[in-house]
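Visitor: Got a structure here, written out as structure tokens. Questions coming.
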Amino acid sequence: MSEANPPLKAAIIPVTPLQQNCSLIWCTATMKAAFVDPGGDLPKLRAAAAQAGVKVEKILLTHGHIDHCGQAGILAAELGVPIEGPQEEDRFWIARLEEDGRGYGIDAKAFEPDCWLEDGDSVSVGELTLSVHHTPGHTPGHVIFHHAPSNLALVGDVLFAGSIGRTDFPRGDHQQLLDSVTGKLWPLGDETVFIPGHGPVSTFGRERASNPFVGDRVLASA
């Protein structure tokens with residue numbers, strides 16, 4: 001993504017008290033954009049879209065946790081755009097958003113996505129096409145988005161720089177998460193830069209070399 005005018009650009013906007021990385025991604029050819037995981041702080045998100053000069057045409061969701069999608073339904077209604085994702089196994093998380101929001105001090109609202117996503121699907125943003133990979137473990141319906149031409153992945157809470165997603169929530173599964181990382185993320189290539197749900201960006205190659213949970217040497221000795 002070092003070209004002067006790459007096909008895809010991205011901005012990270014931390015939102016909610018949990019500092020979740022909402023991403024604004026856009027197609028530079030059309031200036032059409034999508035918010036990925038707009039959990040809250042909608043004034044910040046509106047300002048980011050205005051600053052980038054883009055037209056938001058949809059919302060993409062990696063999973064159903066409050067910090068990732070608590071205000072997605074509110075924003076979608078405000079902008080008049082569809083919500084795509086996550087995979088339908090996260091329906092129960094989305095159904096309890098208002099209850100969870102009271103616990104986190106987030107004015108959350110349950111919603112029905114315009115379409116649930118499945119492994120092997122693709123989503124479009126302007127002229128861009130991103131592949132969808134079902135990556136359960138953190139939640140059962142978690143998905144990630146990959147734009148191969150940009151070597152960029154948006155991985156939600158599957159993988160972090162130096163860590164992995166929690167699996168102690170309802171229907172979390174540690175082995176399933178490890179399988180998602182090694183079976184779905186690593187094949188996308190060591191050079192792939194990923195935006196996680198929290199914290200700094202990294203690359204799959206860096207995590208394979210040094211991550212204390214899913215690094216190659218750690219898994220080889222397990």
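Following the order of the structure tokens, first chain is A, next is B, and so on, with residues numbered from 1 inside each chain and ligands from 1 in the order they appear.
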Show me, as a PyMOL selection string, the residues that have an atom within 8 Å of Phe111 (chain A) when counting only C-alpha atoms, minus same-chain residues fewer than 3 positions from it.
Guide: chain A and resi 73+94-95
Visitor: Take the residues that were just selected and, keeping C-alpha atoms, output them as a CSV table (one decimal), in the first residue's frame.
Guide:
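Result written to out27.csv:
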```
chain,number,residue,atom,x,y,z
A,73,GLY,CA,-28.0,0.2,13.8
A,94,ILE,CA,-26.7,-8.5,18.6
A,95,ALA,CA,-30.1,-9.3,20.3
```
Visitor: Taking the chain letters and numbering used in this document, name the residues of region 61-138 of chain A that DSSP puts in alpha helix (DSSP H), as a ChimeraX atom specification.
Guide: /A:66-69,72-79,91-95,97-104
Visitor: Which residue out of A:Pro140, A:Gly205, A:Gly120, A:Gly215 has the minimum interatomic distance to Ile164 (chain A) when only C-alpha atoms are used?
Guide: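 Result for the nearest residue to Ile164 (chain A): A:Gly215.
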Visitor: Counting only C-alpha atoms, which residues in region 52-121 of chain A sit no more than 6 Å from region 31-37 of chain A? For each one, give the nearest pair of atoms and the distance in Å, sorted by chain then residue number, as JSON lines.
Guide:
```
{"residue": "A:Val54", "atom": "CA", "partner": "A:Met31", "partner_atom": "CA", "distance": 5.0}
{"residue": "A:Lys55", "atom": "CA", "partner": "A:Lys32", "partner_atom": "CA", "distance": 4.9}
{"residue": "A:Val56", "atom": "CA", "partner": "A:Ala33", "partner_atom": "CA", "distance": 4.4}
{"residue": "A:Glu57", "atom": "CA", "partner": "A:Ala33", "partner_atom": "CA", "distance": 5.8}
{"residue": "A:Lys58", "atom": "CA", "partner": "A:Ala34", "partner_atom": "CA", "distance": 5.0}
{"residue": "A:Ile59", "atom": "CA", "partner": "A:Phe35", "partner_atom": "CA", "distance": 4.9}
{"residue": "A:Leu60", "atom": "CA", "partner": "A:Val36", "partner_atom": "CA", "distance": 4.7}
{"residue": "A:Leu61", "atom": "CA", "partner": "A:Asp37", "partner_atom": "CA", "distance": 5.0}
{"residue": "A:His68", "atom": "CA", "partner": "A:Asp37", "partner_atom": "CA", "distance": 4.5}
{"residue": "A:Cys69", "atom": "CA", "partner": "A:Asp37", "partner_atom": "CA", "distance": 5.5}
```
Visitor: In region 31-204 of chain A, what's strand (DSSP E) per DSSP? Answer as a PyMOL selection string?
Guide: chain A and resi 32-36+55-60+83-84+122-125+128-134+143-147+152-156+159-160+163-164+193-196+202-203
Visitor: For Leu42 (chain A), please output as a list in words all residues within 12 Å (counting only C-alpha atoms; exclusion window: fewer than 6 positions along the same chain).
Guide: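 Residues meeting the cut-off are Ile13, Pro14, Val15, Thr16, Cys22, Phe35, Ala48, Ala49, Cys69, Gly70, Gln71, Ala72, Gly73, Ile74, Leu75, Ala76, Glu78, Leu79, Ile106, Asp107 and Ala108 of chain A.
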Visitor: Which neighbours of Glu84 (chain A) fall inside 6 Å, counting only C-alpha atoms, when residues of the same chain fewer than 3 positions from it are skipped, and could you give them as a ChimeraX atom specification?
Guide: /A:60,113-115
Visitor: Please save C-alpha atoms of the selected residues as an mmCIF file, in the first residue's frame.
Guide:
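Wrote it out as part-v7.cif, contents follow:
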```
data_model
loop_
_atom_site.group_PDB
_atom_site.id
_atom_site.type_symbol
_atom_site.label_atom_id
_atom_site.label_comp_id
_atom_site.auth_asym_id
_atom_site.auth_seq_id
_atom_site.Cartn_x
_atom_site.Cartn_y
_atom_site.Cartn_z
ATOM 1 C CA LEU A 60 -19.433 -3.906 7.712
ATOM 2 C CA PRO A 113 -28.263 -6.862 9.465
ATOM 3 C CA ASP A 114 -29.328 -6.459 5.856
ATOM 4 C CA CYS A 115 -27.333 -9.581 5.115
#
```
Visitor: When you count only C-alpha atoms, which of these residues is closest to Val214 (chain A): A:Tyr104, A:Phe145, A:Trp186, A:Trp116?
Guide: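 Of the candidates, the smallest distance to Val214 (chain A) is held by A:Trp186.
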Visitor: Near His133 (chain A), counting only C-alpha atoms, which residues have an atom at most 12 Å away, once you skip same-chain residues fewer than 3 positions from it, shown as a ChimeraX atom specification?
Guide: /A:62,85-87,117-123,130,136,141-147,153-156,158,180-181,183-188
Visitor: Please produce an output containing C-alpha atoms for each residue in the selection, written as a PDB file, in the first residue's frame.
Guide:
```pdb
ATOM      1  CA  THR A  62     -16.782  -8.478  12.113  1.00  0.00           C
ATOM      2  CA  GLY A  85     -22.210  -9.086   8.551  1.00  0.00           C
ATOM      3  CA  PRO A  86     -21.326 -10.735  10.750  1.00  0.00           C
ATOM      4  CA  GLN A  87     -22.082 -14.449  10.311  1.00  0.00           C
ATOM      5  CA  LEU A 117     -22.114 -13.160   5.699  1.00  0.00           C
ATOM      6  CA  GLU A 118     -20.629 -16.604   5.130  1.00  0.00           C
ATOM      7  CA  ASP A 119     -17.138 -17.928   4.520  1.00  0.00           C
ATOM      8  CA  GLY A 120     -16.252 -17.356   0.871  1.00  0.00           C
ATOM      9  CA  ASP A 121     -18.570 -14.379   0.402  1.00  0.00           C
ATOM     10  CA  SER A 122     -17.286 -11.037  -0.812  1.00  0.00           C
ATOM     11  CA  VAL A 123     -18.302  -7.468  -0.058  1.00  0.00           C
ATOM     12  CA  LEU A 130     -12.985  -7.686  -0.119  1.00  0.00           C
ATOM     13  CA  PRO A 136     -15.005 -18.346  14.891  1.00  0.00           C
ATOM     14  CA  GLY A 141     -20.112 -15.728  14.020  1.00  0.00           C
ATOM     15  CA  HIS A 142     -16.905 -13.700  13.728  1.00  0.00           C
ATOM     16  CA  VAL A 143     -15.712 -12.814  10.209  1.00  0.00           C
ATOM     17  CA  ILE A 144     -12.721 -10.939   8.832  1.00  0.00           C
ATOM     18  CA  PHE A 145     -12.361  -8.878   5.642  1.00  0.00           C
ATOM     19  CA  HIS A 146      -9.356  -9.113   3.298  1.00  0.00           C
ATOM     20  CA  HIS A 147      -8.394  -6.879   0.379  1.00  0.00           C
ATOM     21  CA  ALA A 153      -7.024  -7.451   6.484  1.00  0.00           C
ATOM     22  CA  LEU A 154      -9.511  -6.187   9.055  1.00  0.00           C
ATOM     23  CA  VAL A 155      -9.573  -8.923  11.668  1.00  0.00           C
ATOM     24  CA  GLY A 156     -11.734  -7.683  14.527  1.00  0.00           C
ATOM     25  CA  VAL A 158      -9.326 -12.649  16.315  1.00  0.00           C
ATOM     26  CA  SER A 180      -9.113 -19.680  12.646  1.00  0.00           C
ATOM     27  CA  VAL A 181      -5.762 -17.893  12.932  1.00  0.00           C
ATOM     28  CA  GLY A 183      -6.234 -21.869   8.889  1.00  0.00           C
ATOM     29  CA  LYS A 184      -7.784 -18.616   7.715  1.00  0.00           C
ATOM     30  CA  LEU A 185      -5.355 -15.775   8.499  1.00  0.00           C
ATOM     31  CA  TRP A 186      -1.901 -17.227   7.903  1.00  0.00           C
ATOM     32  CA  PRO A 187      -2.707 -18.412   4.349  1.00  0.00           C
ATOM     33  CA  LEU A 188      -3.393 -14.772   3.393  1.00  0.00           C
TER      34      LEU A 188
END
```
Visitor: Which is closer to Pro7 (chain A) than all the others in A:Ala220, A:Ile195, A:Leu152, A:Cys27, using only C-alpha atoms?
Guide: A:Cys27
Visitor: Please identify all polymer residues within 9 Å of Ala161 (chain A), counting only C-alpha atoms, omitting same-chain residues fewer than 4 positions from it, and present them as number ranges by chain.
Guide: A: 196, 198-203, 206-207, 211
Visitor: In Å, how far is it from CA of Val132 (chain A) to CA of Leu24 (chain A)?
Guide: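 Taking CA of Val132 (chain A) and CA of Leu24 (chain A), their separation equals 17.1 Å.
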Visitor: From the list A:Val81, A:Ala11, A:Ala52, A:Ala29, which residue is nearest Leu128 (chain A) when using only C-alpha atoms?
Guide: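 Closest to Leu128 (chain A) of all the choices is A:Ala29.
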